[in-house]
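As structure tokens, the structure follows; a few thoughts come after it.
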Amino acid sequence: MWVNVLVRSALGLYNLNDSIMAESTYYLFRQKVGEYEEKTGENLIEKTFQHITSSQVMEFKVNGKSLRMDSKLMGSNIGYYSRYEIIHETVRMFYKDLAEELKQRIGKEEREELKKLMKEKGCGVVYRSTKAEIETKLYSLGLLIFKLLSLFTETENETRKTLHRVFEDHYKVEDGDKVVIKDRKEILSTSIQSPHDTDCTFRSKGDQKIKGYHANIAETCDDDSLNLITSALMDVASIAESAFTIDGIEKSEEVLGHGVDNCHTDGAYHNPKNEEYCKKNEINLYLTGIQGAQGRYDLSMNENKLIVIDTLTGKDIPATLTKKGNWKIKTDKGSRYFKPEEIECCQLRKLIAELPNDIKYKRNNVEATIFQLCFHSRSSKTRYRGLFKNKIWMFFRCLWINLVRIVKFIERLIEKNRKNAENDIKYAFFALVSVIQNVRFRIENYFLKILRYCIAHRVIFNCM
């Protein structure tokens with residue numbers, strides 16, 4: 001392997017006398033980068049992505065005054081566990097990781113219970129148990145975890161931390177030592193979804209239910225030019241799209257080396273904080289829509305007065321301003337109040353509807369980028385576990401997409417130049433024919449001989 005010139009150059013060994021690093025330097029590379037990020041908060045792979053993309057922007061003179069964004073929920077490479085399975089598997093993982101001398105500190109009764117748990121996976125218990133039996137087992141597991149956490153307070157390994165998080169997610173302690181199972185509605189979306197991937201969280205979006213992560217892409221969208229991915233962000237699935245907007249713009253500006261004028265997104269990226277940021281930085285935030293159904297009333301301000309029109313009846317309803325700063329109208333069922341946010345939202349819907357099609361549909365092509373990003377995923381699940389590993393996958397995938405775009409851009413440029421060259425030759429030929437026709441009476445025989453020679457030998461052009 002070390003003799004292959006291509007392999008050596010890929011590993012940074014450009015000279016035959018360059019010393020070869022230990023193999024562990026390469027296969028432990030990701031682990032070292034992860035440890036560095038934990039210590040400093042800086043992702044070196046992200047910095048590499050930004051540096052390479054920035055040099056590509058300069059090399060190919062990418063404008064980048066306009067950006068477009070889209071996101072994708074990605075499942076983690078884990079099995080979908082039920083509530084009981086999560087708790088059951090976490091206890092098994094903790095006990096398996098516990099040193100033999102520490103296991104002796106556990107009471108005999110608890111040790112017998114743990115040995116039974118080690119013999120069967122959670123899915124097997126769920127399969128053969130009724131709903132009532134599962135509830136009973138959940139309570140007994142809660143008592144067991146509470147005792148284990150009390151016994152090993154000084155232990156701070158990863159499995160103990162996971163066990164503690166799972167207990168906090170699904171149980172609460174009342175009156176000092178009474179363990180109570182939390183209602184399902186009390187369990188947060190940020191709770192642990194699998195002991196094998198403690199980073200991933202849960203999110204339900206329409207019919208889609210994901211246990212994993214949320215990826216966000218920002219790319220340039222200049223017309224008839226090379227467009228590159230300038231920002232790749234990933235966080236847990238419970239994070240909304242609107243949380244990516246500011247970071248996506250700022251990281252793109254770092255790569256581009258200048259400010260952004262326009263940002264094209266869908267309605268999920270809209271919130272007051274993003275609106276305020278874009279106004280402050282003179283960025284046009286173009287939305288393709290706003291989340292939520294359109295209201296019954298059409299609202300508009302005219303000289304500090306709210307005009308309310310019932311879209312069902314077409315009637316203009318008088319509105320009065322309350323002491324709290326809201327507007328009130330009277331309806332058949334009583335009073336209806338409008339907050340300032342509702343009025344702004346209604347006005348924004350009108351602005352979106354009036355946008356020209358070339359601006360309104362400029363965001364659409366970013367969905368093709370999302371498709372390419374997730375092309376090798378299986379059923380919207382990545383091949384990795386943990387936020388850090390998924391981030392690295394995303395950065396490398398985006399680097400590859402940019403590289404393919406650059407290659408295709410160069411190919412188009414070469415093809416365009418070739419056609420221009422052919423057109424120039426054809427133009428020169430027809431200009432020559434025109435000259436021949438104008439002076440045919442003087443030098444007719446001379447030029448006709450040249451023309452016949454060109455036709456016979458098909459010199460350069462193929463237009464004959």
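Each chain of the structure tokens is named A, B, ... in the order shown, its residues numbered from 1; ligands are numbered from 1 in display order.
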task = Would you kindly return, as a list in words, each protein, DNA or RNA residue with an atom no farther than 8 Å from any atom of region 171-187 of chain A, considering only C-alpha atoms and excluding same-chain residues fewer than 2 positions away?
result = Leu138, Tyr139, Gly142, Leu143, Phe146, Phe167, Glu168, Asp169, Ser189 and Ser191 of chain A
task = Write down as number ranges by chain the residues belonging to region 150-302 of chain A that are assigned alpha helix (DSSP H) by DSSP computed on the backbone.
result = A: 150-151, 158-170, 245-256, 272-280
Kindly export the residues of the current selection with N, CA and C atoms, as a compact mmCIF listing (two decimals), in the first residue's frame.
```txt
# COMPACT_ATOMS: atom_id res chain seq x y z
N SER A 150 -27.97 5.39 43.50
CA SER A 150 -27.60 5.72 44.88
C SER A 150 -26.33 5.00 45.30
N LEU A 151 -26.13 3.76 44.80
CA LEU A 151 -24.95 2.97 45.15
C LEU A 151 -23.68 3.49 44.49
N GLU A 158 -19.69 6.84 31.03
CA GLU A 158 -20.76 7.18 30.10
C GLU A 158 -22.05 6.41 30.38
N THR A 159 -21.93 5.14 30.74
CA THR A 159 -23.13 4.34 30.96
C THR A 159 -23.89 4.79 32.21
N ARG A 160 -23.15 5.26 33.20
CA ARG A 160 -23.81 5.77 34.41
C ARG A 160 -24.53 7.07 34.10
N LYS A 161 -23.92 7.93 33.29
CA LYS A 161 -24.55 9.18 32.87
C LYS A 161 -25.82 8.89 32.06
N THR A 162 -25.75 7.88 31.19
CA THR A 162 -26.91 7.51 30.38
C THR A 162 -28.03 6.98 31.26
N LEU A 163 -27.66 6.16 32.23
CA LEU A 163 -28.66 5.61 33.16
C LEU A 163 -29.35 6.73 33.94
N HIS A 164 -28.57 7.69 34.38
CA HIS A 164 -29.13 8.82 35.12
C HIS A 164 -30.08 9.64 34.24
N ARG A 165 -29.70 9.88 32.98
CA ARG A 165 -30.55 10.64 32.06
C ARG A 165 -31.86 9.91 31.80
N VAL A 166 -31.79 8.60 31.61
CA VAL A 166 -33.00 7.80 31.35
C VAL A 166 -33.93 7.85 32.55
N PHE A 167 -33.36 7.77 33.74
CA PHE A 167 -34.18 7.85 34.96
C PHE A 167 -34.86 9.22 35.04
N GLU A 168 -34.13 10.28 34.77
CA GLU A 168 -34.70 11.64 34.78
C GLU A 168 -35.78 11.80 33.72
N ASP A 169 -35.61 11.12 32.58
CA ASP A 169 -36.59 11.23 31.49
C ASP A 169 -37.92 10.58 31.84
N HIS A 170 -37.87 9.44 32.52
CA HIS A 170 -39.08 8.61 32.67
C HIS A 170 -39.61 8.51 34.11
N THR A 245 -31.30 29.57 10.62
CA THR A 245 -31.26 30.68 9.67
C THR A 245 -30.07 31.60 9.88
N ILE A 246 -29.91 32.12 11.07
CA ILE A 246 -28.84 33.09 11.35
C ILE A 246 -27.46 32.45 11.20
N ASP A 247 -27.30 31.25 11.80
CA ASP A 247 -26.01 30.56 11.69
C ASP A 247 -25.67 30.24 10.24
N GLY A 248 -26.69 29.82 9.47
CA GLY A 248 -26.47 29.48 8.07
C GLY A 248 -26.00 30.68 7.27
N ILE A 249 -26.58 31.85 7.53
CA ILE A 249 -26.18 33.08 6.82
C ILE A 249 -24.78 33.50 7.23
N GLU A 250 -24.51 33.51 8.54
CA GLU A 250 -23.21 33.98 9.03
C GLU A 250 -22.06 33.07 8.58
N LYS A 251 -22.26 31.77 8.64
CA LYS A 251 -21.21 30.85 8.18
C LYS A 251 -21.00 30.96 6.67
N SER A 252 -22.06 31.21 5.93
CA SER A 252 -21.94 31.41 4.49
C SER A 252 -21.16 32.68 4.18
N GLU A 253 -21.41 33.72 4.96
CA GLU A 253 -20.69 34.98 4.76
C GLU A 253 -19.20 34.82 5.05
N GLU A 254 -18.86 33.97 6.03
CA GLU A 254 -17.44 33.69 6.32
C GLU A 254 -16.77 33.04 5.12
N VAL A 255 -17.46 32.11 4.50
CA VAL A 255 -16.92 31.40 3.34
C VAL A 255 -16.83 32.31 2.13
N LEU A 256 -17.87 33.11 1.91
CA LEU A 256 -17.93 33.98 0.73
C LEU A 256 -17.00 35.18 0.84
N PRO A 272 -39.88 35.86 14.41
CA PRO A 272 -39.56 37.28 14.61
C PRO A 272 -38.07 37.57 14.76
N LYS A 273 -37.33 36.65 15.39
CA LYS A 273 -35.89 36.86 15.59
C LYS A 273 -35.17 36.91 14.25
N ASN A 274 -35.52 36.01 13.33
CA ASN A 274 -34.88 35.99 12.02
C ASN A 274 -35.26 37.23 11.20
N GLU A 275 -36.52 37.64 11.32
CA GLU A 275 -36.97 38.86 10.63
C GLU A 275 -36.18 40.07 11.10
N GLU A 276 -36.01 40.18 12.41
CA GLU A 276 -35.27 41.31 12.98
C GLU A 276 -33.80 41.28 12.54
N TYR A 277 -33.20 40.10 12.54
CA TYR A 277 -31.80 39.97 12.13
C TYR A 277 -31.61 40.40 10.67
N CYS A 278 -32.50 39.94 9.80
CA CYS A 278 -32.38 40.27 8.37
C CYS A 278 -32.59 41.77 8.12
N LYS A 279 -33.53 42.37 8.85
CA LYS A 279 -33.74 43.82 8.69
C LYS A 279 -32.52 44.60 9.17
N LYS A 280 -31.95 44.18 10.27
CA LYS A 280 -30.78 44.86 10.84
C LYS A 280 -29.59 44.78 9.89
```
key: Members of region 221-422 of chain A assigned strand (DSSP E or B) by DSSP, as a VMD selection string   = chain A and resid 229 to 236 262 to 265 284 to 287 297 to 301 306 to 310 316 to 317 320 to 321 327 to 331 334 to 338 378 381
ask   = Looking at A:Glu411, A:Asp197, A:Glu37, A:Glu23, which one is nearest to Leu226 (chain A), with distances taken over only C-alpha atoms?
value =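 Checking each of A:Glu411, A:Asp197, A:Glu37, A:Glu23 against Leu226 (chain A), counting only C-alpha atoms, the winner is A:Glu411.
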Which residue of A:Leu351, A:Leu399, A:Ile134, A:Ile78 approaches Gly386 (chain A) most closely, using only C-alpha atoms = A:Ile78
key: Between CA of Gln56 (chain A) and CA of Glu415 (chain A), distance in Å (one decimal)   =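 Atom-to-atom, CA of Gln56 (chain A) to CA of Glu415 (chain A), that is 20.9 Å.
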ask   = What is the distance between CA of Asn304 (chain A) and CA of Glu342 (chain A), in Å to one decimal?
value = 15.5 Å
query = Could you name the residues that touch region 88-104 of chain A at 6 Å or less, counting only C-alpha atoms, but leaving out those on the same chain fewer than 6 positions away, as a list of chain:residue names?
reply =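 What passes the distance filter is A:Met118, A:Gly122, A:Thr159, A:Pro195.
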ask   = Near Gly295 (chain A), counting only C-alpha atoms, which residues have an atom at most 12 Å away, once you skip same-chain residues fewer than 6 positions from it, shown as an NGL selection string?
value = :A and (308-312 or 338 or 342-343 or 345-347 or 349)
Would you mind exporting N, CA and C atoms of the selected residues as a PDB file, in the first residue's frame?
```
ATOM      1  N   VAL A 308     -60.288  45.470   9.255  1.00  0.00           N
ATOM      2  CA  VAL A 308     -60.596  44.039   9.344  1.00  0.00           C
ATOM      3  C   VAL A 308     -61.714  43.724   8.358  1.00  0.00           C
ATOM      4  N   ILE A 309     -61.441  42.762   7.464  1.00  0.00           N
ATOM      5  CA  ILE A 309     -62.437  42.325   6.484  1.00  0.00           C
ATOM      6  C   ILE A 309     -62.680  40.842   6.677  1.00  0.00           C
ATOM      7  N   ASP A 310     -63.951  40.477   6.853  1.00  0.00           N
ATOM      8  CA  ASP A 310     -64.328  39.066   6.978  1.00  0.00           C
ATOM      9  C   ASP A 310     -64.309  38.444   5.583  1.00  0.00           C
ATOM     10  N   THR A 311     -63.414  37.503   5.348  1.00  0.00           N
ATOM     11  CA  THR A 311     -63.270  36.914   4.008  1.00  0.00           C
ATOM     12  C   THR A 311     -64.458  36.035   3.616  1.00  0.00           C
ATOM     13  N   LEU A 312     -65.259  35.614   4.600  1.00  0.00           N
ATOM     14  CA  LEU A 312     -66.433  34.798   4.296  1.00  0.00           C
ATOM     15  C   LEU A 312     -67.606  35.651   3.820  1.00  0.00           C
ATOM     16  N   PHE A 338     -56.903  40.530  18.179  1.00  0.00           N
ATOM     17  CA  PHE A 338     -55.775  40.349  17.256  1.00  0.00           C
ATOM     18  C   PHE A 338     -54.513  40.947  17.870  1.00  0.00           C
ATOM     19  N   GLU A 342     -50.125  38.751  14.819  1.00  0.00           N
ATOM     20  CA  GLU A 342     -51.093  38.253  13.840  1.00  0.00           C
ATOM     21  C   GLU A 342     -51.245  39.228  12.679  1.00  0.00           C
ATOM     22  N   ILE A 343     -51.209  40.509  12.985  1.00  0.00           N
ATOM     23  CA  ILE A 343     -51.344  41.530  11.936  1.00  0.00           C
ATOM     24  C   ILE A 343     -50.130  41.494  11.013  1.00  0.00           C
ATOM     25  N   CYS A 345     -48.180  38.953  10.499  1.00  0.00           N
ATOM     26  CA  CYS A 345     -48.215  37.695   9.761  1.00  0.00           C
ATOM     27  C   CYS A 345     -49.151  37.788   8.556  1.00  0.00           C
ATOM     28  N   CYS A 346     -50.294  38.444   8.751  1.00  0.00           N
ATOM     29  CA  CYS A 346     -51.252  38.618   7.656  1.00  0.00           C
ATOM     30  C   CYS A 346     -50.664  39.492   6.547  1.00  0.00           C
ATOM     31  N   GLN A 347     -49.971  40.557   6.929  1.00  0.00           N
ATOM     32  CA  GLN A 347     -49.344  41.428   5.944  1.00  0.00           C
ATOM     33  C   GLN A 347     -48.225  40.702   5.197  1.00  0.00           C
ATOM     34  N   ARG A 349     -48.092  37.476   4.581  1.00  0.00           N
ATOM     35  CA  ARG A 349     -48.722  36.554   3.634  1.00  0.00           C
ATOM     36  C   ARG A 349     -49.046  37.261   2.318  1.00  0.00           C
TER      37      ARG A 349
END
```
query = Excluding same-chain residues fewer than 4 positions from Asp18 (chain A), what lies within 12 Å of it counting only C-alpha atoms, as an MDAnalysis selection string?
reply = chainID A and resid 2:3 8:9 11:14
Export N, CA and C atoms of the chosen residues as an mmCIF file, in the first residue's frame?
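This went into selection.cif:
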```cif
data_model
loop_
_atom_site.group_PDB
_atom_site.id
_atom_site.type_symbol
_atom_site.label_atom_id
_atom_site.label_comp_id
_atom_site.auth_asym_id
_atom_site.auth_seq_id
_atom_site.Cartn_x
_atom_site.Cartn_y
_atom_site.Cartn_z
ATOM 1 N N TRP A 2 1.962 1.226 0.784
ATOM 2 C CA TRP A 2 2.785 2.432 0.917
ATOM 3 C C TRP A 2 3.602 2.723 -0.346
ATOM 4 N N VAL A 3 3.667 1.740 -1.275
ATOM 5 C CA VAL A 3 4.417 1.952 -2.513
ATOM 6 C C VAL A 3 3.552 2.656 -3.555
ATOM 7 N N ARG A 8 -0.085 7.303 -1.431
ATOM 8 C CA ARG A 8 0.861 8.155 -0.693
ATOM 9 C C ARG A 8 0.468 9.636 -0.813
ATOM 10 N N SER A 9 0.125 10.053 -2.030
ATOM 11 C CA SER A 9 -0.243 11.466 -2.223
ATOM 12 C C SER A 9 -1.533 11.811 -1.490
ATOM 13 N N LEU A 11 -2.460 10.608 1.278
ATOM 14 C CA LEU A 11 -2.126 10.694 2.702
ATOM 15 C C LEU A 11 -1.128 11.806 2.998
ATOM 16 N N GLY A 12 -0.803 12.611 1.967
ATOM 17 C CA GLY A 12 0.094 13.749 2.170
ATOM 18 C C GLY A 12 1.561 13.406 2.075
ATOM 19 N N LEU A 13 1.887 12.224 1.542
ATOM 20 C CA LEU A 13 3.284 11.796 1.389
ATOM 21 C C LEU A 13 3.693 12.014 -0.075
ATOM 22 N N TYR A 14 4.213 13.185 -0.380
ATOM 23 C CA TYR A 14 4.503 13.551 -1.768
ATOM 24 C C TYR A 14 5.912 13.147 -2.211
#
```
ask   = Between CA of Gly75 (chain A) and CA of Arg378 (chain A), what is the spacing in Å?
value = 9.2 Å
key: Using only C-alpha atoms: which of A:Ala240, A:Gly267, A:Lys381, A:Ile352 has the shortest distance to Gly79 (chain A)   =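 Selected residue with least distance to Gly79 (chain A): A:Lys381.
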key: Residue nearest Gln31 (chain A) - candidates A:His196, A:Lys315, A:Lys389, A:Lys408, atoms counted: only C-alpha atoms   =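 Using only C-alpha atoms, the shortest distance to Gln31 (chain A) belongs to A:Lys389.
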request  = Kindly indicate which residue among A:Thr369, A:Thr322, A:Ser231, A:Asn364 lies nearest to Lys47 (chain A), using only C-alpha atoms for the distances.
outcome  =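 Once distances to Lys47 (chain A) are computed over only C-alpha atoms, the minimum belongs to A:Ser231.
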